[in-house]
>>> print(open('input-v8.cif').read())   # mmCIF, C-alpha atoms and all ligand atoms
data_run
loop_
_atom_site.group_PDB
_atom_site.id
_atom_site.type_symbol
_atom_site.label_atom_id
_atom_site.label_comp_id
_atom_site.auth_asym_id
_atom_site.auth_seq_id
_atom_site.Cartn_x
_atom_site.Cartn_y
_atom_site.Cartn_z
ATOM 1 C CA MET A 1499 11.431 -6.077 11.615
ATOM 2 C CA GLY A 1500 11.541 -9.821 11.281
ATOM 3 C CA LEU A 1501 12.658 -11.872 8.353
ATOM 4 C CA LEU A 1502 10.726 -11.035 5.210
ATOM 5 C CA ARG A 1503 10.095 -13.472 2.460
ATOM 6 C CA ILE A 1504 11.852 -12.873 -0.830
ATOM 7 C CA MET A 1505 10.859 -15.276 -3.537
ATOM 8 C CA GLU A 1506 11.992 -16.081 -7.024
ATOM 9 C CA ASN A 1507 10.237 -14.416 -9.948
ATOM 10 C CA THR A 1508 8.362 -17.557 -10.903
ATOM 11 C CA LEU A 1509 4.967 -19.112 -10.397
ATOM 12 C CA LYS A 1510 4.935 -21.861 -7.788
ATOM 13 C CA ASN A 1511 2.572 -23.950 -9.905
ATOM 14 C CA VAL A 1512 0.208 -23.476 -12.787
ATOM 15 C CA ASN A 1513 -3.178 -23.815 -11.091
ATOM 16 C CA PRO A 1514 -5.324 -20.842 -12.074
ATOM 17 C CA PRO A 1515 -6.543 -18.884 -9.042
ATOM 18 C CA VAL A 1516 -10.211 -18.526 -8.205
ATOM 19 C CA PHE A 1517 -11.381 -14.996 -7.466
ATOM 20 C CA GLN A 1518 -14.430 -13.949 -5.522
ATOM 21 C CA HIS A 1519 -16.744 -11.052 -6.006
ATOM 22 C CA PHE A 1520 -18.923 -9.800 -3.192
ATOM 23 C CA SER A 1521 -21.215 -6.900 -2.411
ATOM 24 C CA GLY A 1522 -21.311 -4.487 0.529
ATOM 25 C CA THR A 1523 -23.691 -6.469 2.725
ATOM 26 C CA GLY A 1524 -22.125 -9.801 1.746
ATOM 27 C CA SER A 1525 -18.589 -8.638 2.520
ATOM 28 C CA PRO A 1526 -16.425 -11.278 4.232
ATOM 29 C CA PHE A 1527 -14.913 -8.427 6.263
ATOM 30 C CA LEU A 1528 -18.134 -7.882 8.215
ATOM 31 C CA LEU A 1529 -17.909 -9.908 11.405
ATOM 32 C CA GLU A 1530 -21.461 -11.231 11.060
ATOM 33 C CA ASN A 1531 -20.651 -12.886 7.709
ATOM 34 C CA GLU A 1532 -18.759 -15.886 9.050
ATOM 35 C CA SER A 1533 -19.408 -18.327 6.199
ATOM 36 C CA ALA A 1534 -18.449 -15.684 3.572
ATOM 37 C CA TYR A 1535 -15.305 -15.029 5.583
ATOM 38 C CA GLN A 1536 -14.347 -18.722 5.666
ATOM 39 C CA ILE A 1537 -14.741 -19.046 1.879
ATOM 40 C CA TRP A 1538 -12.766 -15.833 1.284
ATOM 41 C CA ARG A 1539 -10.083 -16.964 3.756
ATOM 42 C CA GLU A 1540 -9.512 -20.304 2.009
ATOM 43 C CA THR A 1541 -9.329 -18.591 -1.370
ATOM 44 C CA ARG A 1542 -6.762 -16.055 -0.208
ATOM 45 C CA LEU A 1543 -4.555 -18.656 1.455
ATOM 46 C CA GLU A 1544 -4.689 -20.664 -1.766
ATOM 47 C CA HIS A 1545 -3.390 -17.616 -3.666
ATOM 48 C CA TYR A 1546 -0.311 -17.585 -1.437
ATOM 49 C CA ARG A 1547 0.167 -21.312 -2.019
ATOM 50 C CA CYS A 1548 -0.057 -21.184 -5.816
ATOM 51 C CA LEU A 1549 1.033 -17.671 -6.867
ATOM 52 C CA ASN A 1550 4.119 -15.580 -6.205
ATOM 53 C CA PRO A 1551 3.494 -12.115 -4.674
ATOM 54 C CA ALA A 1552 7.025 -10.998 -5.616
ATOM 55 C CA ARG A 1553 6.526 -11.725 -9.314
ATOM 56 C CA ILE A 1554 7.507 -8.758 -11.511
ATOM 57 C CA ILE A 1555 5.117 -8.198 -14.412
ATOM 58 C CA ASN A 1556 6.576 -6.739 -17.575
ATOM 59 C CA ILE A 1557 4.592 -3.881 -19.164
ATOM 60 C CA ALA A 1558 5.677 -3.169 -22.727
ATOM 61 C CA ASP A 1559 3.534 -0.029 -23.065
ATOM 62 C CA ALA A 1560 2.243 1.898 -20.034
ATOM 63 C CA SER A 1561 -0.860 3.186 -21.798
ATOM 64 C CA SER A 1562 -1.862 0.107 -23.786
ATOM 65 C CA PHE A 1563 -1.606 -3.329 -22.202
ATOM 66 C CA SER A 1564 -1.460 -6.615 -24.092
ATOM 67 C CA VAL A 1565 -4.060 -9.196 -23.063
ATOM 68 C CA GLU A 1566 -1.333 -11.160 -21.288
ATOM 69 C CA THR A 1567 -0.099 -8.104 -19.348
ATOM 70 C CA GLN A 1568 -3.613 -7.200 -18.310
ATOM 71 C CA GLN A 1569 -4.275 -10.769 -17.126
ATOM 72 C CA ASN A 1570 -1.007 -10.925 -15.218
ATOM 73 C CA LEU A 1571 -1.595 -7.612 -13.455
ATOM 74 C CA ALA A 1572 -5.221 -8.432 -12.683
ATOM 75 C CA THR A 1573 -4.208 -11.786 -11.202
ATOM 76 C CA GLN A 1574 -1.580 -10.236 -8.930
ATOM 77 C CA MET A 1575 -3.905 -7.420 -7.827
ATOM 78 C CA GLN A 1576 -6.798 -9.746 -7.077
ATOM 79 C CA ALA A 1577 -4.576 -12.180 -5.208
ATOM 80 C CA PHE A 1578 -2.401 -9.743 -3.229
ATOM 81 C CA ASN A 1579 -3.713 -6.172 -3.646
ATOM 82 C CA PHE A 1580 -0.283 -5.225 -4.987
ATOM 83 C CA ALA A 1581 1.811 -5.990 -8.060
ATOM 84 C CA PHE A 1582 5.420 -5.304 -8.985
ATOM 85 C CA PHE A 1583 6.030 -4.179 -12.536
ATOM 86 C CA GLU A 1584 8.766 -3.088 -14.895
ATOM 87 C CA ILE A 1585 8.468 -1.132 -18.109
ATOM 88 C CA ASP A 1586 9.790 -2.739 -21.263
ATOM 89 C CA ARG A 1587 12.013 -5.068 -19.189
ATOM 90 C CA GLY A 1588 13.732 -2.050 -17.638
ATOM 91 C CA ARG A 1589 14.911 -0.686 -21.003
ATOM 92 C CA HIS A 1590 12.625 2.350 -21.018
ATOM 93 C CA LEU A 1591 12.091 4.998 -18.313
ATOM 94 C CA LEU A 1592 8.627 6.478 -17.825
ATOM 95 C CA SER A 1593 8.163 10.246 -17.936
ATOM 96 C CA ARG A 1594 5.901 11.846 -15.321
ATOM 97 C CA LYS A 1595 3.188 12.059 -17.981
ATOM 98 C CA ASP A 1596 3.513 8.368 -18.892
ATOM 99 C CA PHE A 1597 3.449 7.490 -15.205
ATOM 100 C CA LEU A 1598 0.021 9.124 -14.932
ATOM 101 C CA LYS A 1599 -1.083 7.354 -18.107
ATOM 102 C CA LEU A 1600 -0.243 4.073 -16.432
ATOM 103 C CA GLY A 1601 -2.488 5.092 -13.535
ATOM 104 C CA ARG A 1602 -5.370 5.876 -15.876
ATOM 105 C CA ARG A 1603 -4.930 2.511 -17.586
ATOM 106 C CA LEU A 1604 -5.386 0.964 -14.125
ATOM 107 C CA GLY A 1605 -8.646 2.827 -13.539
ATOM 108 C CA LEU A 1606 -6.950 5.439 -11.321
ATOM 109 C CA HIS A 1607 -8.245 8.884 -12.228
ATOM 110 C CA ARG A 1608 -8.821 10.901 -9.053
ATOM 111 C CA PHE A 1609 -5.321 11.688 -7.829
ATOM 112 C CA GLU A 1610 -4.456 13.483 -4.622
ATOM 113 C CA SER A 1611 -3.035 16.940 -4.961
ATOM 114 C CA SER A 1612 -1.912 18.694 -1.798
ATOM 115 C CA PRO A 1613 0.407 21.633 -0.990
ATOM 116 C CA ASP A 1614 3.455 19.374 -0.530
ATOM 117 C CA GLN A 1615 2.919 17.719 -3.909
ATOM 118 C CA GLU A 1616 3.423 18.888 -7.417
ATOM 119 C CA MET A 1617 0.251 19.941 -9.225
ATOM 120 C CA ASP A 1618 0.218 17.161 -11.840
ATOM 121 C CA GLY A 1619 -0.306 14.612 -9.043
ATOM 122 C CA VAL A 1620 3.172 13.097 -9.315
ATOM 123 C CA THR A 1621 5.459 13.536 -6.326
ATOM 124 C CA ALA A 1622 9.218 13.148 -6.806
ATOM 125 C CA LEU A 1623 10.362 11.453 -3.606
ATOM 126 C CA LYS A 1624 14.016 11.989 -2.743
ATOM 127 C CA ALA A 1625 16.119 13.079 0.210
ATOM 128 C CA VAL A 1626 16.126 16.894 0.247
ATOM 129 C CA ASP A 1627 18.496 19.316 1.997
ATOM 130 C CA ALA A 1628 17.784 20.510 5.530
ATOM 131 C CA SER A 1629 17.032 23.977 4.107
ATOM 132 C CA ASP A 1630 14.026 22.507 2.233
ATOM 133 C CA LYS A 1631 10.898 22.655 4.434
ATOM 134 C CA ARG A 1632 9.866 19.181 3.201
ATOM 135 C CA SER A 1633 12.917 17.710 4.996
ATOM 136 C CA MET A 1634 10.852 17.432 8.196
ATOM 137 C CA TYR A 1635 8.819 14.672 6.530
ATOM 138 C CA ILE A 1636 10.433 11.219 6.456
ATOM 139 C CA PRO A 1637 9.520 10.446 2.805
ATOM 140 C CA TYR A 1638 11.827 13.347 1.840
ATOM 141 C CA SER A 1639 14.708 11.993 3.918
ATOM 142 C CA SER A 1640 16.834 8.861 3.698
ATOM 143 C CA ARG A 1641 15.519 7.544 7.014
ATOM 144 C CA ALA A 1642 13.552 4.298 7.368
ATOM 145 C CA LEU A 1643 9.780 4.469 7.028
ATOM 146 C CA ASN A 1644 8.074 1.870 9.177
ATOM 147 C CA TRP A 1645 4.726 0.169 8.506
ATOM 148 C CA HIS A 1646 1.907 2.487 7.485
ATOM 149 C CA THR A 1647 -0.832 3.018 4.939
ATOM 150 C CA ASP A 1648 -0.800 6.213 2.901
ATOM 151 C CA GLY A 1649 -3.017 9.088 3.954
ATOM 152 C CA TYR A 1650 -3.876 7.526 7.336
ATOM 153 C CA TYR A 1651 -4.373 11.121 8.517
ATOM 154 C CA ASN A 1652 -6.862 11.945 5.741
ATOM 155 C CA PRO A 1653 -10.586 12.264 6.483
ATOM 156 C CA THR A 1654 -12.755 9.363 5.305
ATOM 157 C CA SER A 1655 -13.982 11.511 2.433
ATOM 158 C CA ALA A 1656 -10.402 11.704 1.098
ATOM 159 C CA ARG A 1657 -9.323 8.139 1.790
ATOM 160 C CA ILE A 1658 -6.411 6.944 -0.340
ATOM 161 C CA GLY A 1659 -7.531 3.831 -2.212
ATOM 162 C CA ALA A 1660 -4.396 3.168 -4.245
ATOM 163 C CA PHE A 1661 -0.934 4.467 -5.015
ATOM 164 C CA LEU A 1662 1.777 3.884 -7.585
ATOM 165 C CA LEU A 1663 5.505 3.994 -6.972
ATOM 166 C CA TYR A 1664 8.104 4.049 -9.708
ATOM 167 C CA CYS A 1665 11.857 3.825 -9.305
ATOM 168 C CA VAL A 1666 13.698 6.340 -11.485
ATOM 169 C CA ASN A 1667 16.923 5.691 -9.556
ATOM 170 C CA PRO A 1668 17.524 3.183 -6.776
ATOM 171 C CA ALA A 1669 19.561 4.226 -3.731
ATOM 172 C CA HIS A 1670 23.267 3.545 -3.692
ATOM 173 C CA GLN A 1671 22.670 1.394 -0.613
ATOM 174 C CA GLY A 1672 19.451 0.234 1.057
ATOM 175 C CA GLY A 1673 16.011 1.707 0.447
ATOM 176 C CA ASP A 1674 14.274 -1.668 -0.016
ATOM 177 C CA SER A 1675 10.475 -1.546 -0.049
ATOM 178 C CA PHE A 1676 8.359 -3.911 2.042
ATOM 179 C CA LEU A 1677 4.663 -4.645 1.634
ATOM 180 C CA LEU A 1678 1.939 -6.556 3.423
ATOM 181 C CA ASP A 1679 -1.598 -6.875 2.107
ATOM 182 C CA HIS A 1680 -3.760 -5.381 4.876
ATOM 183 C CA GLU A 1681 -6.412 -8.008 4.107
ATOM 184 C CA MET A 1682 -3.948 -10.710 5.220
ATOM 185 C CA LEU A 1683 -3.313 -8.849 8.470
ATOM 186 C CA TYR A 1684 -7.086 -8.727 8.963
ATOM 187 C CA LEU A 1685 -7.207 -12.491 8.325
ATOM 188 C CA GLN A 1686 -4.533 -13.142 10.937
ATOM 189 C CA ILE A 1687 -6.322 -11.012 13.549
ATOM 190 C CA ARG A 1688 -9.708 -12.592 12.802
ATOM 191 C CA ASP A 1689 -8.182 -16.064 13.180
ATOM 192 C CA THR A 1690 -6.364 -15.120 16.395
ATOM 193 C CA ALA A 1691 -8.797 -12.855 18.268
ATOM 194 C CA PRO A 1692 -11.857 -11.711 16.268
ATOM 195 C CA GLU A 1693 -13.109 -9.681 19.229
ATOM 196 C CA LEU A 1694 -10.160 -7.339 18.754
ATOM 197 C CA LEU A 1695 -11.426 -6.444 15.275
ATOM 198 C CA VAL A 1696 -14.428 -4.850 16.983
ATOM 199 C CA ALA A 1697 -12.004 -2.450 18.673
ATOM 200 C CA LEU A 1698 -10.084 -1.814 15.447
ATOM 201 C CA MET A 1699 -13.297 -1.067 13.531
ATOM 202 C CA ASP A 1700 -14.496 1.451 16.124
ATOM 203 C CA PRO A 1701 -14.734 4.892 14.430
ATOM 204 C CA ALA A 1702 -13.174 6.432 17.561
ATOM 205 C CA VAL A 1703 -10.282 3.985 17.974
ATOM 206 C CA MET A 1704 -7.578 6.289 16.645
ATOM 207 C CA VAL A 1705 -7.049 10.013 16.544
ATOM 208 C CA VAL A 1706 -4.329 11.554 14.410
ATOM 209 C CA PRO A 1707 -3.378 14.821 16.112
ATOM 210 C CA ALA A 1708 -3.535 18.059 14.144
ATOM 211 C CA ASN A 1709 -0.436 19.112 12.212
ATOM 212 C CA VAL A 1710 0.346 22.553 13.600
ATOM 213 C CA GLN A 1711 3.395 24.480 12.452
ATOM 214 C CA ASN A 1712 4.300 27.933 13.751
ATOM 215 C CA GLY A 1713 0.827 28.241 15.242
ATOM 216 C CA GLN A 1714 -0.841 27.470 11.921
ATOM 217 C CA VAL A 1715 -3.060 24.399 11.502
ATOM 218 C CA ILE A 1716 -1.799 22.599 8.393
ATOM 219 C CA ARG A 1717 -4.197 19.688 8.928
ATOM 220 C CA PRO A 1718 -6.889 19.351 11.644
ATOM 221 C CA ALA A 1719 -7.059 16.365 14.021
ATOM 222 C CA GLU A 1720 -8.732 13.362 12.410
ATOM 223 C CA SER A 1721 -10.327 10.345 14.098
ATOM 224 C CA GLY A 1722 -11.432 7.097 12.512
ATOM 225 C CA PRO A 1723 -11.255 3.302 12.485
ATOM 226 C CA VAL A 1724 -8.210 1.219 11.601
ATOM 227 C CA PHE A 1725 -10.270 -1.186 9.482
ATOM 228 C CA SER A 1726 -13.396 -0.122 7.633
ATOM 229 C CA VAL A 1727 -15.639 -1.816 5.084
ATOM 230 C CA ASP A 1728 -16.968 0.101 2.103
ATOM 231 C CA SER A 1729 -20.758 -0.152 2.206
ATOM 232 C CA GLU A 1730 -21.082 -0.475 -1.594
ATOM 233 C CA SER A 1731 -18.109 -2.557 -2.710
ATOM 234 C CA GLY A 1732 -17.542 -4.489 0.523
ATOM 235 C CA ARG A 1733 -13.818 -3.727 0.214
ATOM 236 C CA LEU A 1734 -11.618 -3.474 3.286
ATOM 237 C CA ALA A 1735 -9.642 -0.276 3.890
ATOM 238 C CA MET A 1736 -6.995 0.270 6.553
ATOM 239 C CA ARG A 1737 -5.591 3.378 8.213
ATOM 240 C CA TYR A 1738 -2.484 2.803 10.255
ATOM 241 C CA SER A 1739 0.902 4.145 11.255
ATOM 242 C CA SER A 1740 3.336 2.373 13.537
ATOM 243 C CA ARG A 1741 4.834 5.711 14.620
ATOM 244 C CA PRO A 1742 3.447 6.181 18.151
ATOM 245 C CA ARG A 1743 3.692 9.981 18.252
ATOM 246 C CA TYR A 1744 1.415 10.247 15.234
ATOM 247 C CA ILE A 1745 -1.517 8.290 16.687
ATOM 248 C CA SER A 1746 -3.511 8.738 19.874
ATOM 249 C CA TRP A 1747 -5.284 5.461 20.601
ATOM 250 C CA LYS A 1748 -8.539 5.009 22.505
ATOM 251 C CA SER A 1749 -7.522 4.216 26.070
ATOM 252 C CA ASP A 1750 -9.519 1.040 26.841
ATOM 253 C CA GLU A 1751 -8.051 -2.436 27.423
ATOM 254 C CA LEU A 1752 -9.469 -4.009 24.236
ATOM 255 C CA THR A 1753 -7.843 -1.306 22.079
ATOM 256 C CA LYS A 1754 -4.523 -1.810 23.839
ATOM 257 C CA GLN A 1755 -4.662 -5.558 23.183
ATOM 258 C CA ALA A 1756 -5.623 -4.966 19.557
ATOM 259 C CA VAL A 1757 -2.805 -2.486 18.912
ATOM 260 C CA ASP A 1758 -0.309 -4.800 20.645
ATOM 261 C CA LEU A 1759 -1.433 -7.682 18.416
ATOM 262 C CA VAL A 1760 -1.041 -5.557 15.263
ATOM 263 C CA THR A 1761 2.479 -4.574 16.400
ATOM 264 C CA GLU A 1762 3.340 -8.215 17.083
ATOM 265 C CA LEU A 1763 2.011 -9.414 13.717
ATOM 266 C CA LEU A 1764 3.917 -6.698 11.854
ATOM 267 C CA GLY A 1765 7.147 -7.701 13.587
ATOM 268 C CA ASP A 1766 7.628 -10.854 11.541
ATOM 269 C CA ASN A 1767 4.908 -11.675 9.069
ATOM 270 C CA GLU A 1768 4.871 -14.679 6.744
ATOM 271 C CA PHE A 1769 2.835 -12.793 4.127
ATOM 272 C CA ALA A 1770 5.138 -9.735 3.949
ATOM 273 C CA VAL A 1771 7.297 -9.247 0.877
ATOM 274 C CA SER A 1772 10.467 -7.184 0.568
ATOM 275 C CA LEU A 1773 12.115 -6.047 -2.653
ATOM 276 C CA LYS A 1774 14.634 -3.409 -3.675
ATOM 277 C CA LEU A 1775 13.239 -1.913 -6.868
ATOM 278 C CA LYS A 1776 15.651 -1.530 -9.753
ATOM 279 C CA ARG A 1777 15.576 1.402 -12.154
ATOM 280 C CA GLY A 1778 12.407 1.194 -14.251
ATOM 281 C CA GLN A 1779 10.520 -1.027 -11.781
ATOM 282 C CA GLY A 1780 7.551 -0.046 -9.682
ATOM 283 C CA ILE A 1781 4.669 -0.994 -7.418
ATOM 284 C CA ILE A 1782 0.924 -0.844 -8.062
ATOM 285 C CA CYS A 1783 -1.161 -1.276 -4.923
ATOM 286 C CA ASN A 1784 -4.507 -0.761 -3.267
ATOM 287 C CA ASN A 1785 -2.904 1.159 -0.383
ATOM 288 C CA VAL A 1786 -1.618 -1.914 1.422
ATOM 289 C CA LEU A 1787 0.639 -1.715 4.474
ATOM 290 C CA HIS A 1788 4.142 -0.761 3.418
ATOM 291 C CA GLY A 1789 7.416 0.866 4.385
ATOM 292 C CA ARG A 1790 11.003 1.227 3.292
ATOM 293 C CA LYS A 1791 14.403 0.639 4.780
ATOM 294 C CA ALA A 1792 16.851 3.469 5.418
ATOM 295 C CA TYR A 1793 19.167 4.242 2.544
ATOM 296 C CA ALA A 1794 22.344 6.034 1.543
ATOM 297 C CA ASP A 1795 22.733 8.055 -1.656
ATOM 298 C CA GLY A 1796 25.885 8.166 -3.730
ATOM 299 C CA SER A 1797 27.744 11.287 -4.804
ATOM 300 C CA THR A 1798 25.778 11.970 -8.026
ATOM 301 C CA ASP A 1799 22.104 12.064 -9.060
ATOM 302 C CA GLU A 1800 22.528 8.756 -10.924
ATOM 303 C CA VAL A 1801 23.182 6.941 -7.645
ATOM 304 C CA SER A 1802 20.678 8.915 -5.535
ATOM 305 C CA ARG A 1803 17.264 7.459 -4.823
ATOM 306 C CA LEU A 1804 14.455 9.062 -6.837
ATOM 307 C CA TYR A 1805 10.927 7.640 -6.916
ATOM 308 C CA TYR A 1806 7.766 8.946 -8.517
ATOM 309 C CA ARG A 1807 4.636 8.522 -6.451
ATOM 310 C CA ALA A 1808 0.976 9.163 -7.220
ATOM 311 C CA ARG A 1809 -1.858 8.645 -4.750
ATOM 312 C CA TYR A 1810 -5.457 8.094 -5.742
ATOM 313 C CA TYR A 1811 -8.899 8.125 -4.174
ATOM 314 C CA ASP A 1812 -9.837 5.235 -6.519
ATOM 315 C CA THR A 1813 -8.816 1.589 -6.220
ATOM 316 C CA VAL A 1814 -7.251 -0.326 -9.113
ATOM 317 C CA SER A 1815 -9.793 -1.536 -11.652
ATOM 318 C CA PHE A 1816 -9.624 -3.224 -15.028
ATOM 319 C CA ALA A 1817 -13.368 -2.943 -15.606
ATOM 320 C CA ASP A 1818 -13.005 -0.459 -18.494
ATOM 321 C CA TYR A 1819 -11.027 -3.055 -20.425
ATOM 322 C CA ALA A 1820 -12.786 -6.259 -19.385
HETATM 323 FE FE FE A 1901 3.739 5.448 2.122
#
>>> encode(input="input-v8.cif", output="structure tokens", more="lines below")
Ligand SMILES: [Fe+2]
Amino acid sequence: MGLLRIMENTLKNVNPPVFQHFSGTGSPFLLENESAYQIWRETRLEHYRCLNPARIINIADASSFSVETQQNLATQMQAFNFAFFEIDRGRHLLSRKDFLKLGRRLGLHRFESSPDQEMDGVTALKAVDASDKRSMYIPYSSRALNWHTDGYYNPTSARIGAFLLYCVNPAHQGGDSFLLDHEMLYLQIRDTAPELLVALMDPAVMVVPANVQNGQVIRPAESGPVFSVDSESGRLAMRYSSRPRYISWKSDELTKQAVDLVTELLGDNEFAVSLKLKRGQGIICNNVLHGRKAYADGSTDEVSRLYYRARYYDTVSFADYA
């Protein structure tokens, strides 16, 4: 991975950002809406000029936000599709229950619950022993996780719209998180080679092979587009993994060029942000591209990486509290 931008926890200037609202048919992510795209593009680039994506927003109470906290989180989410937070300036650790309360306060109600997750919807991510069957999955190891969106193997009907991460304990060494708003990757592709977006929006462009273990199908094969536009909200969603053995791409030349361009753009991206979360800090995001660096645990639980994660079918919304 190339050099990622790490910025100070300050605003670059005090100009208030301008946010856009659009409908399904007016979405700037539809290729036919060129003028809507140009307006959206200028607005988003302005966000990166005047706001700081690495800003960490303090949340005094996970279930009841002050007006200032709500405004700060809404600004970061609208500008970047992700926001870093800390609870009570790092003085207070969230319980699993409070972690879910935070999700509900962000309009996240429909959480994913699958056999490899705990039933309350909160997954405790940590490196497990080789005897644990979860050890075959990278999130349960200390290995690096390269660029992906969560649930890229899910069917469209179970698309992950958002997830929360919360650092209970940072790793002794490494384990930094890195994020890139998938809308900014879309912007870069549309500016470079818009014809390649046609390939990436093809419902047959990628197939995620079935997960078969000991002759048993854990998850069937799933095909779908990389980028898709929600017909009601006009929002852009992305399914992607940079791990080649987990994706079978359509075999035409345009797809090859498109996948190569995505790989190139992810190699060193000016809009990517990297941060090692401290204890009590976390990430709210609308399932943007992300990954983590490899890490090493210490000799006790206190210096072993432990994160809570919850995945949702909803996207972050403050509408209930507007
Ligand atoms: Fe992930």
>>> residues_near_ligand(input="input-v8.cif", ligand="ligand FE 1901 (chain A)", cutoff="7 Å", atoms="only C-alpha atoms and all ligand atoms", output="list in words")
His1646, Thr1647, Asp1648, His1788 and Gly1789 of chain A
>>> residues_around(input="input-v8.cif", residues="Gly1722 (chain A)", least_positions_apart="4", cutoff="12 Å", atoms="only C-alpha atoms", output="PyMOL selection string")
chain A and resi 1650-1655+1657+1697-1707+1726+1735-1738+1745-1748
>>> write_last_selection(input="input-v8.cif", atoms="C-alpha atoms", output="CSV table (one decimal), in the coordinates of the input")
chain,number,residue,atom,x,y,z
A,1650,TYR,CA,-3.9,7.5,7.3
A,1651,TYR,CA,-4.4,11.1,8.5
A,1652,ASN,CA,-6.9,11.9,5.7
A,1653,PRO,CA,-10.6,12.3,6.5
A,1654,THR,CA,-12.8,9.4,5.3
A,1655,SER,CA,-14.0,11.5,2.4
A,1657,ARG,CA,-9.3,8.1,1.8
A,1697,ALA,CA,-12.0,-2.4,18.7
A,1698,LEU,CA,-10.1,-1.8,15.4
A,1699,MET,CA,-13.3,-1.1,13.5
A,1700,ASP,CA,-14.5,1.5,16.1
A,1701,PRO,CA,-14.7,4.9,14.4
A,1702,ALA,CA,-13.2,6.4,17.6
A,1703,VAL,CA,-10.3,4.0,18.0
A,1704,MET,CA,-7.6,6.3,16.6
A,1705,VAL,CA,-7.0,10.0,16.5
A,1706,VAL,CA,-4.3,11.6,14.4
A,1707,PRO,CA,-3.4,14.8,16.1
A,1726,SER,CA,-13.4,-0.1,7.6
A,1735,ALA,CA,-9.6,-0.3,3.9
A,1736,MET,CA,-7.0,0.3,6.6
A,1737,ARG,CA,-5.6,3.4,8.2
A,1738,TYR,CA,-2.5,2.8,10.3
A,1745,ILE,CA,-1.5,8.3,16.7
A,1746,SER,CA,-3.5,8.7,19.9
A,1747,TRP,CA,-5.3,5.5,20.6
A,1748,LYS,CA,-8.5,5.0,22.5
>>> atom_distance(input="input-v8.cif", atom1="CA of Leu1685 (chain A)", atom2="CA of Gly1765 (chain A)")
16.0 Å
>>> resolve_selection(input="input-v8.cif", expression="the PyMOL selection byres (((chain A and resi 1718) around 6) and not hetatm)", output="PyMOL selection string")
chain A and resi 1708+1717+1719
>>> write_last_selection(input="input-v8.cif", atoms="C-alpha atoms", output="compact mmCIF listing (two decimals), in the frame of the given file")
# COMPACT_ATOMS: atom_id res chain seq x y z
CA ALA A 1708 -3.54 18.06 14.14
CA ARG A 1717 -4.20 19.69 8.93
CA ALA A 1719 -7.06 16.36 14.02
>>> resolve_selection(input="input-v8.cif", expression="the PyMOL selection byres (((chain A and resi 1758) around 12) and not hetatm)", output="PyMOL selection string")
chain A and resi 1687+1691+1694+1698+1740+1742+1747+1751-1757+1759-1765
>>> closest_residue(input="input-v8.cif", among="A:Tyr1819, A:Tyr1806, A:Tyr1684, A:Phe1580", to="Pro1526 (chain A)", atoms="only C-alpha atoms")
A:Tyr1684
>>> resolve_selection(input="input-v8.cif", expression="the PyMOL selection byres (((chain A and resi 1794) around 10) and not hetatm)", output="list in words")
Ala1625, Ser1639, Ser1640, Arg1641, Ala1669, His1670, Gln1671, Gly1672, Gly1673, Ala1792, Tyr1793, Asp1795, Gly1796, Ser1797, Val1801, Ser1802 and Arg1803 of chain A
>>> atom_distance(input="input-v8.cif", atom1="CA of Ser1633 (chain A)", atom2="CA of Leu1804 (chain A)")
14.7 Å
>>> closest_residue(input="input-v8.cif", among="A:Gln1576, A:Thr1541, A:Gln1568, A:Ser1562", to="Lys1599 (chain A)", atoms="only C-alpha atoms")
A:Ser1562
>>> atom_distance(input="input-v8.cif", atom1="CA of Ser1675 (chain A)", atom2="CA of Val1771 (chain A)")
8.4 Å
>>> axis_aligned_box(input="input-v8.cif", around="region 1637-1650 of chain A", padding_each_side="5 Å", output="AutoDock Vina command-line options")
--center_x 6.5 --center_y 6.8 --center_z 5.5 --size_x 30.7 --size_y 23.2 --size_z 17.3
>>> residues_around(input="input-v8.cif", residues="Gln1536 (chain A)", least_positions_apart="6", cutoff="12 Å", atoms="only C-alpha atoms", output="number ranges by chain")
A: 1525-1530, 1542-1543, 1685, 1688-1689
>>> closest_residue(input="input-v8.cif", among="A:Asp1818, A:Glu1681, A:Glu1800, A:Asp1812", to="Asn1667 (chain A)", atoms="only C-alpha atoms")
A:Glu1800
>>> residues_around(input="input-v8.cif", residues="Gly1778 (chain A)", least_positions_apart="6", cutoff="9 Å", atoms="all atoms listed in the file", output="PyMOL selection string")
chain A and resi 1583-1592+1664-1667
>>> residues_near_point(input="input-v8.cif", point="(-6.4, 13.3, -1.4)", cutoff="8 Å", atoms="only C-alpha atoms", output="MDAnalysis selection string")
chainID A and resid 1609:1612 1649 1652 1656:1658 1809:1811
>>> write_last_selection(input="input-v8.cif", atoms="C-alpha atoms", output="CSV table (one decimal), keeping the file's coordinate frame")
chain,number,residue,atom,x,y,z
A,1609,PHE,CA,-5.3,11.7,-7.8
A,1610,GLU,CA,-4.5,13.5,-4.6
A,1611,SER,CA,-3.0,16.9,-5.0
A,1612,SER,CA,-1.9,18.7,-1.8
A,1649,GLY,CA,-3.0,9.1,4.0
A,1652,ASN,CA,-6.9,11.9,5.7
A,1656,ALA,CA,-10.4,11.7,1.1
A,1657,ARG,CA,-9.3,8.1,1.8
A,1658,ILE,CA,-6.4,6.9,-0.3
A,1809,ARG,CA,-1.9,8.6,-4.8
A,1810,TYR,CA,-5.5,8.1,-5.7
A,1811,TYR,CA,-8.9,8.1,-4.2
>>> closest_residue(input="input-v8.cif", among="A:Tyr1535, A:Thr1523, A:Ala1581, A:His1680", to="Gln1569 (chain A)", atoms="all atoms listed in the file")
A:Ala1581
>>> residues_around(input="input-v8.cif", residues="Arg1602 (chain A)", least_positions_apart="6", cutoff="10 Å", atoms="only C-alpha atoms", output="ChimeraX atom specification")
/A:1560-1561,1596,1608-1609,1814-1815
>>> write_last_selection(input="input-v8.cif", atoms="C-alpha atoms", output="CSV table (one decimal), in the coordinates of the input")
chain,number,residue,atom,x,y,z
A,1560,ALA,CA,2.2,1.9,-20.0
A,1561,SER,CA,-0.9,3.2,-21.8
A,1596,ASP,CA,3.5,8.4,-18.9
A,1608,ARG,CA,-8.8,10.9,-9.1
A,1609,PHE,CA,-5.3,11.7,-7.8
A,1814,VAL,CA,-7.3,-0.3,-9.1
A,1815,SER,CA,-9.8,-1.5,-11.7
